[in-house]
file final20.cif (mmCIF, C-alpha atoms)
data_target
#
loop_
_atom_site.label_atom_id
_atom_site.label_comp_id
_atom_site.auth_asym_id
_atom_site.auth_seq_id
_atom_site.Cartn_x
_atom_site.Cartn_y
_atom_site.Cartn_z
CA MET A 1 30.36 -10.07 17.81
CA THR A 2 26.63 -10.53 17.75
CA GLN A 3 25.48 -12.30 14.62
CA GLN A 4 21.82 -12.02 13.74
CA ALA A 5 19.24 -10.92 11.27
CA SER A 6 18.52 -11.62 7.63
CA PRO A 7 20.38 -14.60 6.15
CA THR A 8 21.36 -14.19 2.50
CA ALA A 9 18.68 -16.73 1.59
CA SER A 10 16.08 -14.09 2.31
CA PHE A 11 17.41 -11.68 -0.32
CA ALA A 12 15.97 -12.11 -3.78
CA PRO A 13 18.59 -11.84 -6.56
CA ALA A 14 18.98 -8.43 -8.18
CA GLU A 15 17.59 -9.47 -11.56
CA LEU A 16 14.42 -10.87 -10.01
CA TYR A 17 14.01 -7.96 -7.61
CA THR A 18 14.39 -5.29 -10.29
CA GLN A 19 12.10 -7.17 -12.67
CA VAL A 20 9.37 -7.18 -10.05
CA LEU A 21 9.95 -3.46 -9.46
CA GLN A 22 9.53 -2.92 -13.19
CA PHE A 23 6.44 -5.13 -13.31
CA TYR A 24 4.74 -2.94 -10.72
CA ALA A 25 5.82 0.31 -12.35
CA HIS A 26 4.30 -0.96 -15.58
CA GLN A 27 1.19 -2.46 -14.03
CA MET A 28 0.21 0.45 -11.79
CA GLY A 29 1.01 2.84 -14.63
CA LEU A 30 -1.65 1.13 -16.75
CA LEU A 31 -4.29 1.77 -14.10
CA ASP A 32 -3.20 5.36 -13.57
CA GLU A 33 -3.29 5.97 -17.33
CA ARG A 34 -6.84 4.55 -17.34
CA GLN A 35 -6.01 1.55 -19.51
CA ALA A 36 -8.43 -0.71 -17.69
CA ASP A 37 -8.27 -3.56 -20.21
CA SER A 38 -4.49 -3.73 -20.29
CA TRP A 39 -4.51 -3.58 -16.50
CA ALA A 40 -6.92 -6.51 -16.32
CA ASP A 41 -4.66 -8.46 -18.67
CA THR A 42 -1.90 -8.38 -16.04
CA PHE A 43 -4.09 -10.67 -13.90
CA ALA A 44 -4.45 -14.42 -14.43
CA GLU A 45 -7.71 -15.69 -15.90
CA ASP A 46 -8.57 -17.19 -12.52
CA ALA A 47 -7.10 -14.40 -10.38
CA VAL A 48 -8.54 -13.41 -7.02
CA PHE A 49 -8.46 -9.73 -6.05
CA GLN A 50 -9.24 -8.96 -2.43
CA GLU A 51 -9.66 -5.47 -1.03
CA ALA A 52 -11.80 -5.86 2.07
CA ALA A 53 -11.92 -2.13 2.75
CA ARG A 54 -13.67 -1.45 -0.54
CA MET A 55 -15.56 -4.48 -1.80
CA ASP A 56 -16.24 -8.20 -1.90
CA PRO A 57 -13.46 -10.25 -3.51
CA LEU A 58 -13.28 -10.10 -7.30
CA LEU A 59 -13.13 -13.63 -8.72
CA GLY A 60 -11.54 -13.99 -12.15
CA ARG A 61 -10.18 -11.62 -14.73
CA PRO A 62 -13.58 -10.58 -16.15
CA ALA A 63 -14.68 -9.33 -12.72
CA ILE A 64 -11.36 -7.52 -12.28
CA ARG A 65 -11.79 -5.98 -15.73
CA ALA A 66 -15.32 -4.76 -14.99
CA SER A 67 -14.21 -3.23 -11.70
CA ALA A 68 -11.22 -1.52 -13.30
CA ARG A 69 -13.36 -0.10 -16.09
CA ALA A 70 -15.79 1.34 -13.55
CA SER A 71 -12.93 2.89 -11.52
CA VAL A 72 -11.35 4.39 -14.58
CA GLU A 73 -14.67 5.81 -15.77
CA ARG A 74 -15.32 7.40 -12.38
CA ALA A 75 -11.86 9.00 -12.39
CA ALA A 76 -12.34 10.27 -15.94
CA ALA A 77 -15.81 11.63 -15.20
CA SER A 78 -14.60 13.53 -12.16
CA GLY A 79 -11.38 14.74 -13.79
CA LEU A 80 -9.19 13.07 -11.19
CA GLN A 81 -5.64 11.96 -11.95
CA VAL A 82 -5.01 8.97 -9.71
CA ARG A 83 -1.50 7.69 -8.93
CA HIS A 84 -0.48 4.50 -7.19
CA TRP A 85 2.99 4.28 -5.69
CA ILE A 86 4.57 1.00 -4.65
CA GLY A 87 7.40 0.90 -2.13
CA MET A 88 9.19 -1.19 0.48
CA LEU A 89 9.02 -4.22 -1.77
CA GLN A 90 9.80 -7.68 -0.42
CA VAL A 91 10.15 -10.55 -2.91
CA ARG A 92 10.18 -14.27 -2.15
CA PRO A 93 10.75 -16.67 -5.04
CA GLY A 94 8.52 -19.75 -4.93
CA PRO A 95 8.30 -23.00 -6.89
CA ASN A 96 7.91 -23.08 -10.68
CA GLY A 97 8.82 -19.47 -11.22
CA THR A 98 6.13 -18.09 -8.95
CA VAL A 99 6.89 -15.13 -6.71
CA ASP A 100 5.28 -13.93 -3.51
CA THR A 101 5.58 -10.23 -2.85
CA ARG A 102 4.66 -7.82 -0.10
CA CYS A 103 4.83 -4.09 -0.51
CA TYR A 104 3.37 -0.82 0.60
CA ALA A 105 1.12 1.16 -1.71
CA LEU A 106 0.15 4.79 -1.53
CA ALA A 107 -2.92 5.99 -3.39
CA MET A 108 -3.14 9.66 -4.31
CA ARG A 109 -5.17 11.84 -6.64
CA THR A 110 -5.15 15.34 -8.08
CA PRO A 111 -8.29 17.02 -9.44
CA LYS A 112 -7.92 19.21 -12.52
CA GLY A 113 -6.58 22.54 -11.31
CA GLY A 114 -6.69 21.28 -7.74
CA GLU A 115 -4.48 20.00 -5.00
CA LEU A 116 -2.74 16.69 -4.52
CA GLU A 117 -4.38 14.47 -1.93
CA LEU A 118 -2.94 11.24 -0.50
CA PHE A 119 -5.90 9.21 0.53
CA ALA A 120 -4.79 5.67 1.39
CA SER A 121 -1.87 3.67 2.73
CA VAL A 122 -2.26 0.04 1.79
CA VAL A 123 -0.29 -3.19 2.21
CA CYS A 124 -0.30 -5.30 -0.94
CA ALA A 125 0.42 -9.04 -0.83
CA ASP A 126 0.62 -10.66 -4.27
CA HIS A 127 1.15 -14.13 -5.65
CA LEU A 128 2.68 -13.78 -9.12
CA VAL A 129 2.77 -16.55 -11.71
CA PRO A 130 5.20 -16.57 -14.61
CA THR A 131 4.22 -15.80 -18.19
CA ARG A 132 6.43 -15.54 -21.25
CA GLY A 133 9.16 -13.44 -19.72
CA GLY A 134 7.03 -11.72 -17.13
CA TRP A 135 4.33 -12.29 -14.54
CA MET A 136 0.64 -12.13 -13.98
CA VAL A 137 -1.04 -11.65 -10.63
CA ARG A 138 -2.83 -14.81 -9.54
CA HIS A 139 -3.80 -13.48 -6.12
CA ARG A 140 -3.79 -9.96 -4.67
CA ASP A 141 -4.76 -9.00 -1.15
CA LEU A 142 -4.94 -5.30 -0.31
CA THR A 143 -5.17 -4.30 3.34
CA HIS A 144 -5.99 -0.65 3.97
CA ASP A 145 -4.42 0.97 7.00
CA GLY A 146 -7.09 2.14 9.41
CA PHE A 147 -9.75 -0.13 7.98
CA ALA A 148 -12.27 -0.90 10.68
CA PRO A 149 -14.66 -3.63 9.50
CA ALA A 150 -18.26 -2.90 10.49
CA MET B 151 -2.59 -21.37 -19.41
CA THR B 152 -3.07 -17.80 -20.50
CA GLN B 153 0.19 -16.26 -21.66
CA GLN B 154 0.34 -12.50 -21.79
CA ALA B 155 1.94 -9.32 -20.60
CA SER B 156 5.46 -8.00 -20.38
CA PRO B 157 8.03 -9.88 -22.50
CA THR B 158 11.51 -10.10 -20.96
CA ALA B 159 12.73 -7.63 -23.54
CA SER B 160 10.89 -4.92 -21.65
CA PHE B 161 12.83 -5.44 -18.43
CA ALA B 162 16.02 -3.43 -18.13
CA PRO B 163 18.94 -5.42 -16.67
CA ALA B 164 19.48 -5.06 -12.93
CA GLU B 165 22.78 -3.19 -13.24
CA LEU B 166 21.28 -0.57 -15.54
CA TYR B 167 18.09 -0.27 -13.54
CA THR B 168 19.87 0.21 -10.21
CA GLN B 169 22.35 2.65 -11.73
CA VAL B 170 19.49 4.81 -12.94
CA LEU B 171 17.90 4.62 -9.49
CA GLN B 172 21.20 5.80 -8.04
CA PHE B 173 21.53 8.53 -10.64
CA TYR B 174 18.18 10.00 -9.59
CA ALA B 175 18.89 9.67 -5.87
CA HIS B 176 22.10 11.60 -6.46
CA GLN B 177 20.65 14.15 -8.86
CA MET B 178 17.51 15.04 -6.90
CA GLY B 179 19.60 15.11 -3.72
CA LEU B 180 21.72 17.87 -5.22
CA LEU B 181 18.65 20.04 -5.82
CA ASP B 182 17.22 19.32 -2.37
CA GLU B 183 20.59 20.22 -0.79
CA ARG B 184 20.49 23.48 -2.76
CA GLN B 185 23.57 22.71 -4.85
CA ALA B 186 22.16 24.44 -7.92
CA ASP B 187 25.43 24.39 -9.89
CA SER B 188 26.11 20.70 -9.36
CA TRP B 189 22.49 20.01 -10.26
CA ALA B 190 22.84 21.96 -13.50
CA ASP B 191 25.98 19.96 -14.31
CA THR B 192 23.87 16.78 -14.47
CA PHE B 193 22.21 18.21 -17.60
CA ALA B 194 23.79 18.18 -21.05
CA GLU B 195 25.08 21.47 -22.44
CA ASP B 196 22.21 21.46 -24.95
CA ALA B 197 19.58 19.99 -22.62
CA VAL B 198 15.91 20.88 -22.86
CA PHE B 199 13.91 21.08 -19.64
CA GLN B 200 10.14 21.24 -20.03
CA GLU B 201 7.71 21.84 -17.19
CA ALA B 202 4.60 23.27 -18.78
CA ALA B 203 2.82 23.76 -15.46
CA ARG B 204 5.47 26.18 -14.23
CA MET B 205 7.29 27.86 -17.09
CA ASP B 206 8.38 28.05 -20.71
CA PRO B 207 10.93 25.40 -21.72
CA LEU B 208 14.49 25.96 -20.52
CA LEU B 209 16.91 25.63 -23.43
CA GLY B 210 20.49 24.69 -22.55
CA ARG B 211 22.40 24.17 -19.35
CA PRO B 212 22.94 27.89 -18.61
CA ALA B 213 19.16 28.47 -18.56
CA ILE B 214 18.70 25.39 -16.36
CA ARG B 215 21.42 26.65 -14.04
CA ALA B 216 19.84 30.09 -13.72
CA SER B 217 16.43 28.59 -12.98
CA ALA B 218 17.86 26.20 -10.38
CA ARG B 219 19.76 29.01 -8.67
CA ALA B 220 16.58 31.06 -8.44
CA SER B 221 14.62 28.10 -7.01
CA VAL B 222 17.29 27.33 -4.47
CA GLU B 223 17.51 30.97 -3.40
CA ARG B 224 13.74 31.16 -2.94
CA ALA B 225 13.77 28.01 -0.80
CA ALA B 226 16.66 29.31 1.28
CA ALA B 227 15.07 32.73 1.75
CA SER B 228 11.80 31.20 2.93
CA GLY B 229 13.47 28.54 5.10
CA LEU B 230 11.82 25.70 3.20
CA GLN B 231 13.38 22.25 2.98
CA VAL B 232 12.25 20.83 -0.33
CA ARG B 233 12.40 17.08 -1.13
CA HIS B 234 11.87 15.34 -4.44
CA TRP B 235 11.03 11.65 -4.44
CA ILE B 236 11.26 9.50 -7.54
CA GLY B 237 9.32 6.26 -7.81
CA MET B 238 7.74 3.75 -10.18
CA LEU B 239 10.75 3.96 -12.48
CA GLN B 240 10.63 2.51 -15.98
CA VAL B 241 13.88 2.26 -17.94
CA ARG B 242 14.29 1.61 -21.68
CA PRO B 243 17.82 1.31 -23.04
CA GLY B 244 18.31 3.05 -26.39
CA PRO B 245 21.10 3.23 -28.97
CA ASN B 246 24.65 4.32 -28.08
CA GLY B 247 24.21 4.01 -24.34
CA THR B 248 21.26 6.36 -24.16
CA VAL B 249 18.38 5.58 -21.83
CA ASP B 250 14.77 6.68 -21.85
CA THR B 251 13.08 6.75 -18.48
CA ARG B 252 9.62 7.42 -17.12
CA CYS B 253 8.93 7.81 -13.44
CA TYR B 254 6.67 9.44 -10.91
CA ALA B 255 7.93 12.32 -8.81
CA LEU B 256 6.54 13.70 -5.59
CA ALA B 257 7.48 17.20 -4.50
CA MET B 258 7.23 18.06 -0.82
CA ARG B 259 8.47 20.75 1.51
CA THR B 260 8.78 21.47 5.21
CA PRO B 261 9.09 24.99 6.61
CA LYS B 262 11.40 25.51 9.58
CA GLY B 263 9.48 24.39 12.64
CA GLY B 264 6.45 23.66 10.48
CA GLU B 265 4.57 20.82 8.89
CA LEU B 266 5.38 18.62 5.95
CA GLU B 267 3.36 19.43 2.84
CA LEU B 268 3.20 17.33 -0.33
CA PHE B 269 2.41 19.77 -3.07
CA ALA B 270 2.81 18.07 -6.44
CA SER B 271 2.57 14.72 -8.17
CA VAL B 272 4.47 14.82 -11.44
CA VAL B 273 5.33 12.41 -14.24
CA CYS B 274 8.94 12.73 -15.38
CA ALA B 275 10.06 11.53 -18.82
CA ASP B 276 13.82 11.78 -19.38
CA HIS B 277 16.23 11.09 -22.17
CA LEU B 278 19.63 10.31 -20.64
CA VAL B 279 22.90 10.36 -22.54
CA PRO B 280 26.01 8.55 -21.32
CA THR B 281 29.01 10.28 -19.80
CA ARG B 282 32.15 8.74 -18.33
CA GLY B 283 30.47 6.07 -16.26
CA GLY B 284 27.20 7.88 -15.70
CA TRP B 285 24.55 9.94 -17.44
CA MET B 286 23.43 13.44 -18.11
CA VAL B 287 19.88 14.49 -18.87
CA ARG B 288 19.53 15.60 -22.48
CA HIS B 289 15.77 16.09 -22.32
CA ARG B 290 13.35 16.24 -19.38
CA ASP B 291 9.60 16.64 -19.62
CA LEU B 292 7.68 17.12 -16.37
CA THR B 293 3.90 16.79 -16.48
CA HIS B 294 2.10 17.94 -13.34
CA ASP B 295 -1.02 16.04 -12.34
CA GLY B 296 -4.02 18.32 -12.36
CA PHE B 297 -2.38 20.90 -14.60
CA ALA B 298 -5.06 22.74 -16.51
CA PRO B 299 -3.48 24.96 -19.19
CA ALA B 300 -5.16 28.37 -19.43
CA MET C 301 30.81 16.64 -25.88
CA THR C 302 30.73 17.67 -22.28
CA GLN C 303 31.80 14.90 -19.96
CA GLN C 304 30.82 15.19 -16.33
CA ALA C 305 28.95 13.76 -13.40
CA SER C 306 28.88 10.44 -11.59
CA PRO C 307 31.82 8.10 -12.36
CA THR C 308 30.91 4.41 -12.37
CA ALA C 309 32.84 4.03 -9.13
CA SER C 310 29.99 5.82 -7.36
CA PHE C 311 27.37 3.25 -8.39
CA ALA C 312 26.95 0.34 -6.02
CA PRO C 313 26.59 -3.03 -7.78
CA ALA C 314 23.02 -4.22 -8.36
CA GLU C 315 23.25 -7.14 -5.92
CA LEU C 316 24.41 -4.89 -3.08
CA TYR C 317 21.97 -2.13 -3.92
CA THR C 318 18.94 -4.43 -4.05
CA GLN C 319 20.01 -6.25 -0.87
CA VAL C 320 20.09 -2.94 0.98
CA LEU C 321 16.66 -2.09 -0.43
CA GLN C 322 15.40 -5.42 0.89
CA PHE C 323 17.10 -4.90 4.25
CA TYR C 324 15.18 -1.65 4.73
CA ALA C 325 11.87 -3.09 3.54
CA HIS C 326 12.32 -5.87 6.10
CA GLN C 327 13.61 -3.65 8.90
CA MET C 328 11.03 -0.87 8.66
CA GLY C 329 8.32 -3.48 8.23
CA LEU C 330 9.21 -4.91 11.64
CA LEU C 331 8.70 -1.53 13.28
CA ASP C 332 5.45 -0.89 11.40
CA GLU C 333 4.18 -4.34 12.42
CA ARG C 334 5.04 -3.47 16.03
CA GLN C 335 7.69 -6.15 16.42
CA ALA C 336 9.87 -3.99 18.64
CA ASP C 337 12.20 -6.78 19.72
CA SER C 338 12.91 -8.03 16.20
CA TRP C 339 13.43 -4.42 15.16
CA ALA C 340 15.96 -3.90 17.93
CA ASP C 341 17.78 -7.06 16.82
CA THR C 342 18.58 -5.38 13.49
CA PHE C 343 20.88 -3.01 15.41
CA ALA C 344 24.36 -3.87 16.59
CA GLU C 345 24.85 -4.43 20.32
CA ASP C 346 26.81 -1.17 20.48
CA ALA C 347 24.67 0.75 17.98
CA VAL C 348 24.10 4.48 18.23
CA PHE C 349 20.71 5.85 17.18
CA GLN C 350 20.49 9.61 16.79
CA GLU C 351 17.28 11.50 16.13
CA ALA C 352 17.90 15.02 17.37
CA ALA C 353 14.38 16.20 16.61
CA ARG C 354 12.88 13.69 19.04
CA MET C 355 15.33 12.68 21.72
CA ASP C 356 18.84 12.31 23.09
CA PRO C 357 20.94 9.69 21.31
CA LEU C 358 20.16 6.08 22.15
CA LEU C 359 23.36 4.23 23.05
CA GLY C 360 23.33 0.46 22.57
CA ARG C 361 20.74 -2.08 21.55
CA PRO C 362 19.00 -2.26 24.96
CA ALA C 363 18.24 1.48 24.79
CA ILE C 364 17.03 1.11 21.21
CA ARG C 365 14.84 -1.80 22.27
CA ALA C 366 13.29 0.12 25.15
CA SER C 367 12.55 3.10 22.92
CA ALA C 368 11.03 0.91 20.21
CA ARG C 369 8.84 -0.90 22.73
CA ALA C 370 7.55 2.41 24.03
CA SER C 371 6.81 3.66 20.51
CA VAL C 372 5.03 0.49 19.56
CA GLU C 373 2.95 0.55 22.74
CA ARG C 374 1.92 4.15 22.11
CA ALA C 375 0.86 3.30 18.55
CA ALA C 376 -1.08 0.27 19.75
CA ALA C 377 -2.77 2.17 22.56
CA SER C 378 -3.90 4.93 20.21
CA GLY C 379 -4.92 2.56 17.41
CA LEU C 380 -2.50 4.14 14.94
CA GLN C 381 -1.05 2.21 12.03
CA VAL C 382 2.35 3.76 11.38
CA ARG C 383 4.24 3.27 8.10
CA HIS C 384 7.82 4.20 7.26
CA TRP C 385 8.78 4.55 3.63
CA ILE C 386 12.39 4.64 2.47
CA GLY C 387 13.34 6.15 -0.86
CA MET C 388 16.10 7.82 -2.86
CA LEU C 389 18.63 5.36 -1.51
CA GLN C 390 22.35 5.97 -1.96
CA VAL C 391 24.74 3.14 -1.07
CA ARG C 392 28.52 3.36 -0.60
CA PRO C 393 30.42 0.15 0.12
CA GLY C 394 33.12 0.54 2.78
CA PRO C 395 35.90 -1.67 4.15
CA ASN C 396 35.25 -5.15 5.58
CA GLY C 397 31.75 -5.47 4.18
CA THR C 398 30.45 -2.34 5.82
CA VAL C 399 28.08 -0.08 3.93
CA ASP C 400 27.24 3.59 4.33
CA THR C 401 23.80 4.60 3.18
CA ARG C 402 21.81 7.78 2.82
CA CYS C 403 18.13 7.81 2.07
CA TYR C 404 14.93 9.74 2.51
CA ALA C 405 12.27 8.47 4.90
CA LEU C 406 8.62 9.41 5.07
CA ALA C 407 6.68 8.72 8.24
CA MET C 408 2.92 8.39 8.00
CA ARG C 409 0.07 7.08 10.15
CA THR C 410 -3.57 6.18 9.86
CA PRO C 411 -5.91 6.05 12.86
CA LYS C 412 -8.52 3.29 12.95
CA GLY C 413 -11.35 4.45 10.72
CA GLY C 414 -9.51 7.71 10.10
CA GLU C 415 -7.47 9.48 7.49
CA LEU C 416 -3.91 8.97 6.37
CA GLU C 417 -1.51 11.63 7.62
CA LEU C 418 2.08 12.13 6.48
CA PHE C 419 3.82 13.72 9.38
CA ALA C 420 7.58 13.76 8.78
CA SER C 421 10.17 13.89 6.03
CA VAL C 422 13.49 12.66 7.35
CA VAL C 423 16.99 12.05 5.99
CA CYS C 424 18.48 8.80 7.25
CA ALA C 425 22.26 8.20 7.26
CA ASP C 426 23.25 4.69 8.31
CA HIS C 427 26.45 2.78 8.86
CA LEU C 428 25.73 -0.91 8.30
CA VAL C 429 27.97 -3.74 9.45
CA PRO C 430 27.82 -7.22 7.97
CA THR C 431 26.30 -10.21 9.73
CA ARG C 432 25.83 -13.73 8.44
CA GLY C 433 24.46 -12.84 5.04
CA GLY C 434 22.91 -9.54 6.02
CA TRP C 435 23.55 -6.35 7.96
CA MET C 436 22.95 -4.69 11.24
CA VAL C 437 22.84 -0.95 11.81
CA ARG C 438 25.85 0.22 13.80
CA HIS C 439 25.01 3.91 13.53
CA ARG C 440 21.84 5.71 12.45
CA ASP C 441 21.41 9.46 12.23
CA LEU C 442 17.92 10.78 11.46
CA THR C 443 17.58 14.43 10.49
CA HIS C 444 14.01 15.74 10.40
CA ASP C 445 13.19 18.34 7.77
CA GLY C 446 12.09 21.57 9.40
CA PHE C 447 13.67 20.74 12.75
CA ALA C 448 14.52 23.93 14.54
CA PRO C 449 16.63 23.21 17.65
CA ALA C 450 15.59 25.33 20.62
#
call {"tool": "encode", "arguments": {"input": "final20.cif", "output": "structure tokens"}}
result
Amino acid sequence: MTQQASPTASFAPAELYTQVLQFYAHQMGLLDERQADSWADTFAEDAVFQEAARMDPLLGRPAIRASARASVERAAASGLQVRHWIGMLQVRPGPNGTVDTRCYALAMRTPKGGELELFASVVCADHLVPTRGGWMVRHRDLTHDGFAPA
Amino acid sequence: MTQQASPTASFAPAELYTQVLQFYAHQMGLLDERQADSWADTFAEDAVFQEAARMDPLLGRPAIRASARASVERAAASGLQVRHWIGMLQVRPGPNGTVDTRCYALAMRTPKGGELELFASVVCADHLVPTRGGWMVRHRDLTHDGFAPA
Amino acid sequence: MTQQASPTASFAPAELYTQVLQFYAHQMGLLDERQADSWADTFAEDAVFQEAARMDPLLGRPAIRASARASVERAAASGLQVRHWIGMLQVRPGPNGTVDTRCYALAMRTPKGGELELFASVVCADHLVPTRGGWMVRHRDLTHDGFAPA
């Protein structure tokens, strides 16, 4: 009998795991529904948002809010419905109710009357901090597959 | 300390959440495996199925069954393997064991010997009613991204 | 009142269901991160890996390891970032801590500086055997949509 692989300690409990799933369904839904302000409110006041393939790091919620508003306005102006899917979620509880997560994200969009296009596969690494019965993102690092820094 | 976002009350319990995940894996699997009758049986006798991008509302299980049979026959005749993915699930328990859900759906198909094609991104809003240890869909509303009503 | 569909007995408990989700997120992540040896270690010594669309069955962990190393080397040599998504998971507990699963898998890849391509929709049927606090795959059968045997 070979005994290997994932000790139980590496499995997050079901309640935590499903709450994080629900957090992401809610959070990404806000962005896809173009609620830029509510989206920004899911980030900590001092959050850092890194997405090297697209931009310099965003430092703090106001910068995240401004960026989200611009994205949402571009999507609205061009009639694009954007969708973000999260999958393959890994959850690691940390001290003081914090949670580190790693997941895959797929970004897709459909123009009005047009065809669905999947345009990015991304790995998302988050540090979540607890709020009253939920979380906010303190740190997000998005790594785009295929990104070749200049 | 900024305190915001999702109160605990908005998280469905793990048992409920994972049961709904399993319900959809089972239900969509039936359609993808071309079991139109078993698929129809996951809808309430008086279910309403709305999919404005494709058709007038289907009223009642017999209409849903007839539509599913026609879809399955078309897929079989053209040798297409259809797959429906559900993701980004949100679950809200209601009175008397009912559940309201919202999720994303991706529809894809592969012809025999051919290439995978993702052809629709859809938002699914369901009202589920309890049965002996499971659910049936009482109301389903599918909104296709990019749908531009004539 | 029509009473039908899924008896409770067919729902896996939340802890089991979310542990299997986490097992797959971990396992597929190893392959995507090109850790062929760690990937192989998630299979039982006497595991059988079937993927009729691509190859003859792999018999035993050493064969699985050799195949994974070759895949990973091809991806590295061609600069492709491969991602495997698992979804629509169904979990059936068996005797002695074993678990039978069925899920959908999507295989996608992004070349360096290039575009995301989804290239296969697959159904994965696994037989998992328990290890210290986790599982190993004893049997995996991958069925590619659209596969037309010669």
call {"tool": "closest_atom_pairs", "arguments": {"input": "final20.cif", "of": "chain B", "to": "chain C", "cutoff": "10 Å", "atoms": "all atoms listed in the file", "output": "Markdown table"}}
result
| residue | atom | partner | partner_atom | distance |
| --- | --- | --- | --- | --- |
| B:Pro163 | CA | C:Ala314 | CA | 9.3 |
| B:Ala164 | CA | C:Ala314 | CA | 5.8 |
| B:Glu165 | CA | C:Ala314 | CA | 5.0 |
| B:Leu166 | CA | C:Ala314 | CA | 8.2 |
| B:Tyr167 | CA | C:Ala314 | CA | 8.2 |
| B:Thr168 | CA | C:Ala314 | CA | 5.7 |
| B:Gln169 | CA | C:Phe311 | CA | 6.1 |
| B:Val170 | CA | C:Phe311 | CA | 9.2 |
| B:Leu171 | CA | C:Met388 | CA | 7.6 |
| B:Gln172 | CA | C:Gln390 | CA | 6.2 |
| B:Phe173 | CA | C:Ser306 | CA | 7.7 |
| B:Tyr174 | CA | C:Met388 | CA | 7.4 |
| B:Ala175 | CA | C:Met388 | CA | 4.5 |
| B:His176 | CA | C:Gln390 | CA | 7.2 |
| B:Gln177 | CA | C:Ser306 | CA | 9.4 |
| B:Met178 | CA | C:Met388 | CA | 8.4 |
| B:Gly179 | CA | C:Met388 | CA | 8.1 |
| B:Ser188 | CA | C:Ala305 | CA | 8.5 |
| B:Trp189 | CA | C:Ala305 | CA | 9.5 |
| B:Asp191 | CA | C:Ala305 | CA | 6.9 |
| B:Thr192 | CA | C:Ala305 | CA | 6.0 |
| B:Phe193 | CA | C:Ala305 | CA | 9.1 |
| B:Ala194 | CA | C:Thr302 | CA | 7.1 |
| B:Glu195 | CA | C:Thr302 | CA | 6.8 |
| B:Asp196 | CA | C:Thr302 | CA | 9.7 |
| B:Gly229 | CA | C:Gly446 | CA | 8.3 |
| B:Leu230 | CA | C:Gly446 | CA | 7.5 |
| B:Gln231 | CA | C:Asp445 | CA | 6.2 |
| B:Val232 | CA | C:Asp445 | CA | 8.5 |
| B:Arg233 | CA | C:Ser421 | CA | 8.1 |
| B:His234 | CA | C:Met388 | CA | 8.8 |
| B:Trp235 | CA | C:Met388 | CA | 6.5 |
| B:Ile236 | CA | C:Met388 | CA | 6.9 |
| B:Gly237 | CA | C:Gly387 | CA | 8.0 |
| B:Met258 | CA | C:Ser421 | CA | 8.5 |
| B:Arg259 | CA | C:Asp445 | CA | 8.2 |
| B:Thr260 | CA | C:Gly446 | CA | 5.3 |
| B:Pro261 | CA | C:Gly446 | CA | 5.3 |
| B:Lys262 | CA | C:Gly446 | CA | 4.0 |
| B:Gly263 | CA | C:Gly446 | CA | 5.0 |
| B:Gly264 | CA | C:Gly446 | CA | 6.1 |
| B:Glu265 | CA | C:Phe419 | CA | 7.2 |
| B:Leu266 | CA | C:Ala420 | CA | 6.0 |
| B:Glu267 | CA | C:Leu418 | CA | 8.3 |
| B:Leu268 | CA | C:Leu418 | CA | 8.6 |
| B:Pro280 | CA | C:Gln303 | CA | 8.7 |
| B:Thr281 | CA | C:Gln303 | CA | 5.4 |
| B:Arg282 | CA | C:Pro307 | CA | 6.0 |
| B:Gly283 | CA | C:Thr308 | CA | 4.3 |
| B:Gly284 | CA | C:Ser306 | CA | 5.1 |
| B:Trp285 | CA | C:Ala305 | CA | 7.1 |
| B:Met286 | CA | C:Ala305 | CA | 7.3 |
call {"tool": "atom_distance", "arguments": {"input": "final20.cif", "atom1": "CA of Leu330 in chain C", "atom2": "CA of Ala375 in chain C"}}
result
13.6 Å
call {"tool": "residues_around", "arguments": {"input": "final20.cif", "residues": "Ala347 in chain C", "least_positions_apart": "4", "cutoff": "12 Å", "atoms": "only C-alpha atoms", "output": "list of chain:residue names"}}
result
A:Thr2, C:Ala340, C:Asp341, C:Thr342, C:Phe343, C:Pro357, C:Leu358, C:Leu359, C:Gly360, C:Arg361, C:Pro362, C:Ala363, C:Ile364, C:Arg365, C:Asp426, C:His427, C:Leu428, C:Val429, C:Met436, C:Val437, C:Arg438, C:His439, C:Arg440, C:Asp441
call {"tool": "write_last_selection", "arguments": {"input": "final20.cif", "atoms": "C-alpha atoms", "output": "mmCIF file, keeping the file's coordinate frame"}}
result
data_model
loop_
_atom_site.group_PDB
_atom_site.id
_atom_site.type_symbol
_atom_site.label_atom_id
_atom_site.label_comp_id
_atom_site.auth_asym_id
_atom_site.auth_seq_id
_atom_site.Cartn_x
_atom_site.Cartn_y
_atom_site.Cartn_z
ATOM 1 C CA THR A 2 26.630 -10.530 17.750
ATOM 2 C CA ALA C 340 15.960 -3.900 17.930
ATOM 3 C CA ASP C 341 17.780 -7.060 16.820
ATOM 4 C CA THR C 342 18.580 -5.380 13.490
ATOM 5 C CA PHE C 343 20.880 -3.010 15.410
ATOM 6 C CA PRO C 357 20.940 9.690 21.310
ATOM 7 C CA LEU C 358 20.160 6.080 22.150
ATOM 8 C CA LEU C 359 23.360 4.230 23.050
ATOM 9 C CA GLY C 360 23.330 0.460 22.570
ATOM 10 C CA ARG C 361 20.740 -2.080 21.550
ATOM 11 C CA PRO C 362 19.000 -2.260 24.960
ATOM 12 C CA ALA C 363 18.240 1.480 24.790
ATOM 13 C CA ILE C 364 17.030 1.110 21.210
ATOM 14 C CA ARG C 365 14.840 -1.800 22.270
ATOM 15 C CA ASP C 426 23.250 4.690 8.310
ATOM 16 C CA HIS C 427 26.450 2.780 8.860
ATOM 17 C CA LEU C 428 25.730 -0.910 8.300
ATOM 18 C CA VAL C 429 27.970 -3.740 9.450
ATOM 19 C CA MET C 436 22.950 -4.690 11.240
ATOM 20 C CA VAL C 437 22.840 -0.950 11.810
ATOM 21 C CA ARG C 438 25.850 0.220 13.800
ATOM 22 C CA HIS C 439 25.010 3.910 13.530
ATOM 23 C CA ARG C 440 21.840 5.710 12.450
ATOM 24 C CA ASP C 441 21.410 9.460 12.230
#
